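Q: Quick one: the structure is below, questions incoming.
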Amino acid sequence: MLSGMLRSSTRVLRKLCGLEPAAAAAARRLSAAEASATSPSASARDNSLLRPLPGLDLPPPLPDNLGRSPTRITTLPCGIRVATEDVPGPSACIGFFINSGSIYESGETTGVSYMLEKMAFKDTKHRRHRNLVHELELAGGNVGASCAREQMVYSYDTLKGYMPEAIEILIDCMRNPLFLQEEVERQLVLAREEIQNLQKNPERFLHEQLNLVGFSGAIANPLIPPEDALARINGKTIQKFYHENYTADRVVLAASGVDHERLLNYSEFLLHDWHTGSPVEKPKSTYVGGDSRHRADSDTTHVALAFEVPGGWLQERDATIMTVIQTLMGGGGSFSSGGPGKGMHSRLYLRVLNKYHAVQSFSAFSNVYDNTGLFGIYMTTSSDFVAKAVDVATSELIAVATPGEVTEVELQRAKNSTISSVLMNLESRAIVAEDIGRQLLTYGCRKPIDYFLQCMEEITLNDITTFARKMLSSQPTMVSWGDVGKVPPYEFFCKRFH
């Protein structure tokens with residue numbers, strides 16, 4: 001009875017407030033909409049997804065065979081090379097590539113390239129670091145810097161609409177860095193922490209040791225400097241190295257997704273007076289091989305075995321064969337991180353990881369430079385199994401160099417997988433810009449992708465065994481970390497190959 005009285009009172013209030021007609025109208029509209037939904041109109045029945053909607057203008061479709069835009073290269077009067085490949089889409093990537101790195105360091109400059117990476121995109125003559133970060137956040141830009149033994153990279157990835165601002169910011173950070181001492185000291189603190197933690201990352205540690213042990217000369221200069229080298233670095237040291245090595249003739253400005261003429265207009269205005277320097281000959285390096293063992297408190301043992309890749313990237317066909325061999329051997333961790341079965345067709349998965357369950361990881365790797373490089377196998381296993389693991393790695397390397405061991409089916413699968421990986425990577429604008437910049441520094445031009453794909457298609461089983469034999473004829477390099485007491489003697493390892 002009480003609820004009935006409340007409903008009556010509510011209706012009275014609605015009538016007094018004039019709400020009843022609106023509610024009724026809303027109810028009528030709802031009923032009409034429901035009726036329309038259940039009974040489609042004639043115009044709705046006539047519309048079909050097979051025909052364009054009337055009054056709707058559609059953009060023209062892309063052609064079935066859309067070729068890649070050519071790589072356009074212009075050398076500015078100051079010596080800087082500007083290279084672009086225009087790519088359709090909303091985003092673009094631009095970067096500076098410098099022919100500089102740890103191979104140009106010596107004495108008091110050891111570790112400067114490492115610090116230049118950390119000092120990237122900090123205070124400039126025109127911007128405070130805080131203001132720079134604010135501008136990047138407003139544009140949604142993504143910047144990064146990386147140092148290597150032979151090249152330095154500074155990149156900016158953003159939407160094409162923000163490209164004028166991106167070009168100006170990137171050039172400002174490259175041309176006008178201040179290297180303020182207080183900022184240098186902050187980054188030195190972070191660098192010391194990273195170096196102290198390097199021992200906790202055995203794979204990165206051993207890859208660095210391979211270069212220190214396997215080479216004499218410039219490539220043996222540490223990319224990750226020792227702590228005592230950091231004590232000698234200050235803002236003036238960095239500024240001096242920057243001025244001597246970041247000269248116009250050693251700089252490439254490469255972009256993907258950017259119109260060439262547009263970039264050229266900005267570059268000519270902002271880069272025309274970049275300082276030049278005297279011609280510099282690339283420091284020499286010699287591969288020597290060797291052995292290094294680092295005992296650490298660990299239940300596992302990490303070992304890297306490597307041989308020289310003669311000629312490096314400049315021997316293009318051999319470098320292509322090496323890339324296919326790396327895919328052919330493959331490998332990875334005992335757990336397939338890419339999902340069940342990913343990569344398990346490779347030789348090291350089928351012949352090692354599926355057979356020896358004490359092995360935690362087992363994979364082929366390469367570190368290649370302009371004139372030389374390293375190729376080998378990296379493994380992680382229990383200390384009790386490490387001697388057997390090294391023996392298995394030796395057998396797998398020798399098998400690739402033995403005629404008849406690799407089948408035509410395996411080779412074709414490796415070639416197809418390598419080609420697929422290359423083409424998929426080149427769908428990334430950042431990788432395209434990097435490919436342009438690095439090729440210009442290495443070859444002096446941008447070789448078309450079809451050239452490398454043709455090289456891969458022409459590789460034969462005889463090419464695989466011939467290159468593997470040449471590679472294994474060099475002196476081995478072996479580095480290990482962890483419980484190294486049971487790692488086989490270096491001399492025993494060498495005898496297997498010679």
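Following the order of the structure tokens, first chain is A, next is B, and so on, with residues numbered from 1 inside each chain and ligands from 1 in the order they appear.
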Could you go through stretch 180-297 of chain A and tell me which residues DSSP, when run on the backbone, assigns to alpha helix (DSSP H), listing them as an MDAnalysis selection string?
A: chainID A and resid 181:197 202:214 227:230 235:245 260:271
Q: Wanna dump the stretch 184-277 of chain A-stretch 430-436 of chain A contacts at 9 Å for me, each residue with its shortest atom pair and the distance in Å to one decimal, counting only C-alpha atoms, ordered by chain and number, as CSV?
A:
residue,atom,partner,partner_atom,distance
A:Ala254,CA,A:Ala433,CA,5.6
A:Ala255,CA,A:Ala433,CA,5.0
A:Ser256,CA,A:Ala433,CA,5.1
A:Gly257,CA,A:Ala433,CA,8.8
Q: Check stretch 167-409 of chain A with DSSP on the backbone and list each residue it calls strand (DSSP E), as an MDAnalysis selection string.
A: chainID A and resid 215:217 251:256 285:287 290:295 300:308 331:333 359:368 373:382
Q: Take the residues from that selection and put them in a file with N, CA and C atoms, as a tab-separated table (two decimals), in the first residue's frame.
A:
chain	number	residue	atom	x	y	z
A	215	PHE	N	91.52	-9.34	-30.16
A	215	PHE	CA	92.17	-8.38	-31.06
A	215	PHE	C	93.30	-7.64	-30.35
A	216	SER	N	94.21	-7.17	-31.15
A	216	SER	CA	95.18	-6.18	-30.69
A	216	SER	C	94.99	-4.95	-31.56
A	217	GLY	N	95.23	-3.78	-31.01
A	217	GLY	CA	95.01	-2.56	-31.77
A	217	GLY	C	93.72	-1.89	-31.37
A	251	VAL	N	80.27	12.80	-40.98
A	251	VAL	CA	78.88	12.84	-40.50
A	251	VAL	C	77.92	12.54	-41.65
A	252	VAL	N	76.91	11.73	-41.36
A	252	VAL	CA	75.81	11.45	-42.28
A	252	VAL	C	74.50	11.78	-41.57
A	253	LEU	N	73.64	12.51	-42.25
A	253	LEU	CA	72.28	12.78	-41.78
A	253	LEU	C	71.34	11.93	-42.64
A	254	ALA	N	70.74	10.91	-42.04
A	254	ALA	CA	69.89	9.97	-42.79
A	254	ALA	C	68.48	10.01	-42.24
A	255	ALA	N	67.51	9.82	-43.14
A	255	ALA	CA	66.11	9.88	-42.71
A	255	ALA	C	65.27	8.91	-43.53
A	256	SER	N	64.22	8.41	-42.89
A	256	SER	CA	63.24	7.54	-43.54
A	256	SER	C	61.87	8.15	-43.33
A	285	SER	N	93.68	-2.69	-36.67
A	285	SER	CA	93.43	-3.75	-35.70
A	285	SER	C	93.90	-5.07	-36.28
A	286	THR	N	94.33	-5.96	-35.42
A	286	THR	CA	94.79	-7.28	-35.85
A	286	THR	C	94.13	-8.34	-34.99
A	287	TYR	N	93.57	-9.35	-35.63
A	287	TYR	CA	92.99	-10.45	-34.87
A	287	TYR	C	94.09	-11.39	-34.40
A	290	GLY	N	92.80	-15.83	-28.38
A	290	GLY	CA	93.29	-15.94	-27.02
A	290	GLY	C	92.26	-16.52	-26.08
A	291	ASP	N	92.60	-16.53	-24.79
A	291	ASP	CA	91.78	-17.17	-23.76
A	291	ASP	C	91.70	-16.27	-22.54
A	292	SER	N	90.51	-16.16	-21.96
A	292	SER	CA	90.33	-15.38	-20.73
A	292	SER	C	89.24	-16.02	-19.90
A	293	ARG	N	89.53	-16.19	-18.59
A	293	ARG	CA	88.57	-16.85	-17.70
A	293	ARG	C	88.33	-15.97	-16.49
A	294	HIS	N	87.06	-15.80	-16.13
A	294	HIS	CA	86.69	-14.91	-15.03
A	294	HIS	C	85.84	-15.71	-14.04
A	295	ARG	N	86.46	-15.99	-12.89
A	295	ARG	CA	85.77	-16.78	-11.88
A	295	ARG	C	84.76	-15.91	-11.14
A	300	THR	N	76.27	-21.64	-12.60
A	300	THR	CA	76.37	-21.91	-14.03
A	300	THR	C	77.70	-21.39	-14.57
A	301	THR	N	78.02	-21.86	-15.76
A	301	THR	CA	79.22	-21.40	-16.46
A	301	THR	C	78.80	-20.89	-17.83
A	302	HIS	N	79.28	-19.70	-18.18
A	302	HIS	CA	79.01	-19.09	-19.48
A	302	HIS	C	80.31	-19.12	-20.29
A	303	VAL	N	80.22	-19.58	-21.53
A	303	VAL	CA	81.40	-19.68	-22.38
A	303	VAL	C	81.05	-19.12	-23.76
A	304	ALA	N	81.98	-18.35	-24.33
A	304	ALA	CA	81.84	-17.87	-25.70
A	304	ALA	C	83.06	-18.30	-26.50
A	305	LEU	N	82.83	-18.97	-27.60
A	305	LEU	CA	83.89	-19.41	-28.51
A	305	LEU	C	83.75	-18.64	-29.81
A	306	ALA	N	84.85	-18.12	-30.34
A	306	ALA	CA	84.73	-17.28	-31.53
A	306	ALA	C	85.95	-17.43	-32.44
A	307	PHE	N	85.73	-17.09	-33.72
A	307	PHE	CA	86.77	-17.06	-34.75
A	307	PHE	C	86.62	-15.78	-35.55
A	308	GLU	N	87.68	-15.44	-36.29
A	308	GLU	CA	87.63	-14.19	-37.06
A	308	GLU	C	86.74	-14.34	-38.30
A	331	GLY	N	69.82	-21.58	-32.77
A	331	GLY	CA	69.90	-21.85	-31.34
A	331	GLY	C	69.10	-20.85	-30.54
A	332	GLY	N	69.34	-20.83	-29.24
A	332	GLY	CA	68.60	-19.95	-28.34
A	332	GLY	C	68.62	-20.52	-26.94
A	333	GLY	N	67.56	-20.24	-26.17
A	333	GLY	CA	67.46	-20.74	-24.80
A	333	GLY	C	66.70	-22.05	-24.75
A	359	VAL	N	71.93	-28.09	-20.85
A	359	VAL	CA	72.28	-26.83	-21.52
A	359	VAL	C	71.12	-25.85	-21.37
A	360	GLN	N	71.41	-24.67	-20.82
A	360	GLN	CA	70.37	-23.65	-20.63
A	360	GLN	C	70.22	-22.76	-21.85
A	361	SER	N	71.32	-22.45	-22.51
A	361	SER	CA	71.26	-21.67	-23.75
A	361	SER	C	72.44	-22.07	-24.63
A	362	PHE	N	72.23	-21.94	-25.93
A	362	PHE	CA	73.25	-22.39	-26.89
A	362	PHE	C	72.91	-21.74	-28.22
A	363	SER	N	73.66	-20.73	-28.63
A	363	SER	CA	73.28	-20.00	-29.83
A	363	SER	C	74.49	-19.46	-30.57
A	364	ALA	N	74.34	-19.32	-31.90
A	364	ALA	CA	75.37	-18.72	-32.73
A	364	ALA	C	75.26	-17.21	-32.65
A	365	PHE	N	76.39	-16.50	-32.74
A	365	PHE	CA	76.39	-15.04	-32.67
A	365	PHE	C	77.45	-14.50	-33.61
A	366	SER	N	77.38	-13.20	-33.88
A	366	SER	CA	78.40	-12.53	-34.68
A	366	SER	C	78.54	-11.09	-34.22
A	367	ASN	N	79.78	-10.58	-34.22
A	367	ASN	CA	80.09	-9.17	-34.00
A	367	ASN	C	80.96	-8.75	-35.17
A	368	VAL	N	80.40	-7.99	-36.09
A	368	VAL	CA	81.10	-7.69	-37.34
A	368	VAL	C	81.42	-6.20	-37.42
A	373	GLY	N	85.82	-9.14	-37.89
A	373	GLY	CA	84.66	-9.46	-37.07
A	373	GLY	C	84.86	-10.78	-36.34
A	374	LEU	N	83.84	-11.18	-35.60
A	374	LEU	CA	83.87	-12.42	-34.83
A	374	LEU	C	82.60	-13.22	-35.11
A	375	PHE	N	82.75	-14.53	-35.18
A	375	PHE	CA	81.60	-15.43	-35.29
A	375	PHE	C	81.85	-16.60	-34.36
A	376	GLY	N	80.81	-17.03	-33.64
A	376	GLY	CA	81.02	-18.16	-32.74
A	376	GLY	C	79.75	-18.64	-32.09
A	377	ILE	N	79.91	-19.34	-30.98
A	377	ILE	CA	78.80	-19.92	-30.22
A	377	ILE	C	78.89	-19.47	-28.77
A	378	TYR	N	77.76	-19.04	-28.24
A	378	TYR	CA	77.67	-18.65	-26.82
A	378	TYR	C	76.81	-19.68	-26.11
A	379	MET	N	77.27	-20.14	-24.95
A	379	MET	CA	76.53	-21.20	-24.24
A	379	MET	C	76.48	-20.93	-22.75
A	380	THR	N	75.42	-21.40	-22.13
A	380	THR	CA	75.26	-21.36	-20.68
A	380	THR	C	74.86	-22.76	-20.23
A	381	THR	N	75.58	-23.28	-19.24
A	381	THR	CA	75.31	-24.64	-18.78
A	381	THR	C	75.78	-24.79	-17.34
A	382	SER	N	75.45	-25.91	-16.72
A	382	SER	CA	75.97	-26.19	-15.39
A	382	SER	C	77.46	-26.47	-15.49
Q: Which is closest to A:Thr158 among A:Cys93, A:Ala220, A:Cys78, A:Leu411, if we use only C-alpha atoms?
A: A:Cys93
Q: I'd like the neighbourhood of A:Glu457 as a VMD selection string, where a residue qualifies if any of its atoms comes within 12 Å (using only C-alpha atoms), though same-chain residues fewer than 2 positions away should be ignored.
A: chain A and resid 317 320 to 321 324 411 to 419 450 to 455 459 to 461 463
Q: Pick from A:Ala248, A:Gly437, A:Asp157, A:Phe467: nearest to A:Asp273, with only C-alpha atoms counted?
A: A:Ala248
Q: Taking only C-alpha atoms into account, name the residue in A:Leu50, A:Val213, A:Ile325, A:Ile167 that is nearest to A:Ala468.
A: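 Residue with the minimum atom-to-atom distance to A:Ala468: A:Ile325.
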Q: Taking only C-alpha atoms into account, which of A:Gly482, A:Gly95, A:Pro283, A:Pro476 comes nearest A:Tyr154?
A: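 Using only C-alpha atoms, A:Tyr154 sits closest to A:Gly95.
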Q: Nearest to A:Gln315: which of A:Ser428, A:Thr372, A:Asn234, A:Ser383 is it, counting only C-alpha atoms?
A: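 Closest candidate: A:Thr372.
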Q: With distances taken over only C-alpha atoms, which of A:Val422, A:Met115, A:Ile103, A:Val386 is nearest to A:Asn245?
A: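 Looking at the shortest contact to A:Asn245, the residue is A:Ile103.
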